[in-house]
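Have a look at the structure below before the remarks.
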Amino acid sequence: MPRPQKSRRICCYPDYWSFAPDQDTANDTLTMSLDEFETIRLIDYQSKTQEQCAQEMNVARTTVTAIYDTARKKLAQALVEGRRIVISGGNYTLDNTVSEEITRKGNGIMRIAVTYENGQIFQHFGRTEQFKLYDVADGKIINEQVVGTMGAGHGALAGFLKNAQADVLICGGIGGGAQMAMQEAGITLYGGNMGSADEAVQAFLAQTLVQNDNPTCDHHDHEHGEGHSCGDHGCGTHSCGNH
């Protein structure tokens with residue numbers, strides 16, 4: 001019987017989940033797993049050695065070599081053959097760094113996370129400094145807590161919520177990359193909301209909260225200021241408009 005494959009540790013979810021030479025003419029689609037993407041990020045983007053990459057991913061260097069070779073082959077195929085790349089899945093675990101103040105939820109508990117500022121739903125997901133977490137059992141809120149995000153950005157915030165055991169996210173504007181990260185994390189998204197965080201959760205429990213089809217960062221009428229960035233990613237930087 002073959003030995004079970006060891007999960008590869010990744011820093012956080014990527015901000016960008018698909019690439020194509022031209023959306024109308026791309027040939028086929030290649031799927032790059034998140035652990036393959038992580039080797040590209042660490043070795044080619046951050047200039048780490050394969051040994052350093054192996055340490056960060058908590059696997060053997062030979063394993064990293066094999067993953068990296070496969071990832072580079074896919075990049076080459078995409079460039080030469082005009083294929084679209086989609087990042088999805090893989091045998092990975094997220095870096096489980098999460099604040100000790102976040103309590104672990106019990107069995108049968110639903111955890112709702114809301115982007116939070118002064119009692120209101122904070123409007124820019126990637127700049128969220130706090131979430132309010134609501135634990136629900138039998139349709140009733142049994143615990144609430146406000147937690148800090150430790151300065152995480154888009155992709156890192158998705159990992160933060162997954163490690164915080166969130167099942168549902170209620171937020172204002174959220175970019176397409178972060179939406180993909182929520183999907184990968186298995187977190188149900190209710191974006192494009194405004195107003196009281198508590199009232200939004202009550203609406204969700206009453207099944208009257210609407211899932212917006214296009215809850216992007218420019219969903220609301222207010223404008224970003226000049227040079228605005230939705231936040232620094234834990235593993236790099238980016239601006240909100242690129243998601």
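Each chain in the structure tokens gets a letter, A, B, ..., in the order shown, and its residues are numbered from 1; ligands are numbered from 1 in order too.
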
I'd like to know which residues of stretch 50-217 of chain A are strand (DSSP E or B) (by DSSP, run on the backbone); could you write them as a PDB file with C-alpha atoms, in the first residue's frame?
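Contents of result.pdb, as written:
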```pdb
ATOM      1  CA  ARG A  83      -2.879  28.194 -23.352  1.00  0.00           C
ATOM      2  CA  ARG A  84      -4.851  29.646 -20.503  1.00  0.00           C
ATOM      3  CA  ILE A  85      -3.645  28.873 -16.966  1.00  0.00           C
ATOM      4  CA  VAL A  86      -6.078  28.467 -14.096  1.00  0.00           C
ATOM      5  CA  ILE A  87      -4.790  28.076 -10.536  1.00  0.00           C
ATOM      6  CA  TYR A  92      -1.816  21.654   0.173  1.00  0.00           C
ATOM      7  CA  THR A  93      -2.441  23.071   3.602  1.00  0.00           C
ATOM      8  CA  LEU A  94      -2.520  26.761   4.386  1.00  0.00           C
ATOM      9  CA  MET A 110     -21.785  27.992  11.724  1.00  0.00           C
ATOM     10  CA  ARG A 111     -19.310  30.878  11.803  1.00  0.00           C
ATOM     11  CA  ILE A 112     -20.182  34.075   9.941  1.00  0.00           C
ATOM     12  CA  ALA A 113     -17.445  36.643   9.331  1.00  0.00           C
ATOM     13  CA  VAL A 114     -18.211  40.285   8.527  1.00  0.00           C
ATOM     14  CA  THR A 115     -15.711  42.940   7.426  1.00  0.00           C
ATOM     15  CA  TYR A 116     -16.023  45.325  10.333  1.00  0.00           C
ATOM     16  CA  GLU A 117     -15.433  48.939  11.339  1.00  0.00           C
ATOM     17  CA  GLN A 120     -20.600  48.832  10.108  1.00  0.00           C
ATOM     18  CA  ILE A 121     -19.707  46.565   7.201  1.00  0.00           C
ATOM     19  CA  HIS A 124     -13.030  47.336   0.950  1.00  0.00           C
ATOM     20  CA  GLN A 130     -11.051  43.667  11.614  1.00  0.00           C
ATOM     21  CA  PHE A 131     -13.658  40.968  11.199  1.00  0.00           C
ATOM     22  CA  LYS A 132     -16.591  40.425  13.489  1.00  0.00           C
ATOM     23  CA  LEU A 133     -17.220  36.713  13.907  1.00  0.00           C
ATOM     24  CA  TYR A 134     -20.666  35.378  14.788  1.00  0.00           C
ATOM     25  CA  ASP A 135     -21.117  31.766  15.886  1.00  0.00           C
ATOM     26  CA  VAL A 136     -24.562  30.389  15.135  1.00  0.00           C
ATOM     27  CA  ALA A 137     -26.341  27.270  16.400  1.00  0.00           C
ATOM     28  CA  LYS A 140     -29.366  31.767  16.874  1.00  0.00           C
ATOM     29  CA  ILE A 141     -26.164  33.690  17.591  1.00  0.00           C
ATOM     30  CA  ILE A 142     -24.400  32.097  20.549  1.00  0.00           C
ATOM     31  CA  ASN A 143     -21.105  34.000  20.487  1.00  0.00           C
ATOM     32  CA  GLU A 144     -19.618  37.147  18.943  1.00  0.00           C
ATOM     33  CA  GLN A 145     -16.039  38.407  18.776  1.00  0.00           C
ATOM     34  CA  VAL A 146     -14.121  41.115  16.922  1.00  0.00           C
ATOM     35  CA  VAL A 147     -10.674  40.033  15.724  1.00  0.00           C
ATOM     36  CA  GLY A 148      -7.789  41.809  14.007  1.00  0.00           C
ATOM     37  CA  VAL A 168     -19.801  32.611   5.451  1.00  0.00           C
ATOM     38  CA  LEU A 169     -18.353  36.042   4.597  1.00  0.00           C
ATOM     39  CA  ILE A 170     -20.474  39.187   4.512  1.00  0.00           C
ATOM     40  CA  GLY A 173     -16.719  45.482  -2.256  1.00  0.00           C
ATOM     41  CA  THR A 188     -19.943  31.257   1.015  1.00  0.00           C
ATOM     42  CA  LEU A 189     -19.778  34.905  -0.081  1.00  0.00           C
ATOM     43  CA  TYR A 190     -22.352  37.640   0.428  1.00  0.00           C
ATOM     44  CA  SER A 196     -24.896  47.576  10.165  1.00  0.00           C
TER      45      SER A 196
END
```

Point to revise | All helix (DSSP H, G or I) residues (DSSP, backbone) inside stretch 51-188 of chain A, as a PyMOL selection string | key: chain A and resi 51-57+61-81+125-127+154-163+176-185

**Study point:** Residues within 6 Å of stretch 4-15 of chain A, only C-alpha atoms, excluding chain neighbours under 2 positions, as a VMD selection string
**Key:** chain A and resid 57 91 to 95 155 to 156 159 177

Check your understanding: Between A:Asp28, A:Glu51, A:Asp167, A:Asp213, which has the minimum distance to A:Gln77 (counting only C-alpha atoms)?
Key ->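 Ranked by minimum distance to A:Gln77, first place goes to A:Asp28.
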
Exercise for review: Rank A:Leu75, A:Thr208, A:Gln183, A:Gly82 by their smallest atom-to-atom distance to A:Asp22, using only C-alpha atoms, and report the top residue only.
Suggested key: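 For A:Asp22, the nearest of the candidates is A:Gly82.
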
Exercise for review: Could you check which of A:Gly106, A:Gly195, A:Gly176, A:Pro21 is closest to A:Asn118, using only C-alpha atoms?
Suggested key: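 Result for the nearest residue to A:Asn118: A:Gly195.
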
Point to revise | Close residues, A:Phe37 itself excluded, 10 Å, only C-alpha atoms, min 2 positions apart in chain, as a count of residues only | key: 18

Check your understanding: Could you state the separation of atom CA of A:Thr62 and atom CA of A:Thr49 in Å, given to one decimal place?
Key ->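 Result for atom CA of A:Thr62 versus atom CA of A:Thr49: 12.4 Å, one decimal.
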
Review point. Of the residues A:Met194, A:Ala200, A:Ile43, A:Leu157, which is the one nearest to A:Gln179, using only C-alpha atoms?
Key: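 Using only C-alpha atoms, A:Gln179 sits closest to A:Leu157.
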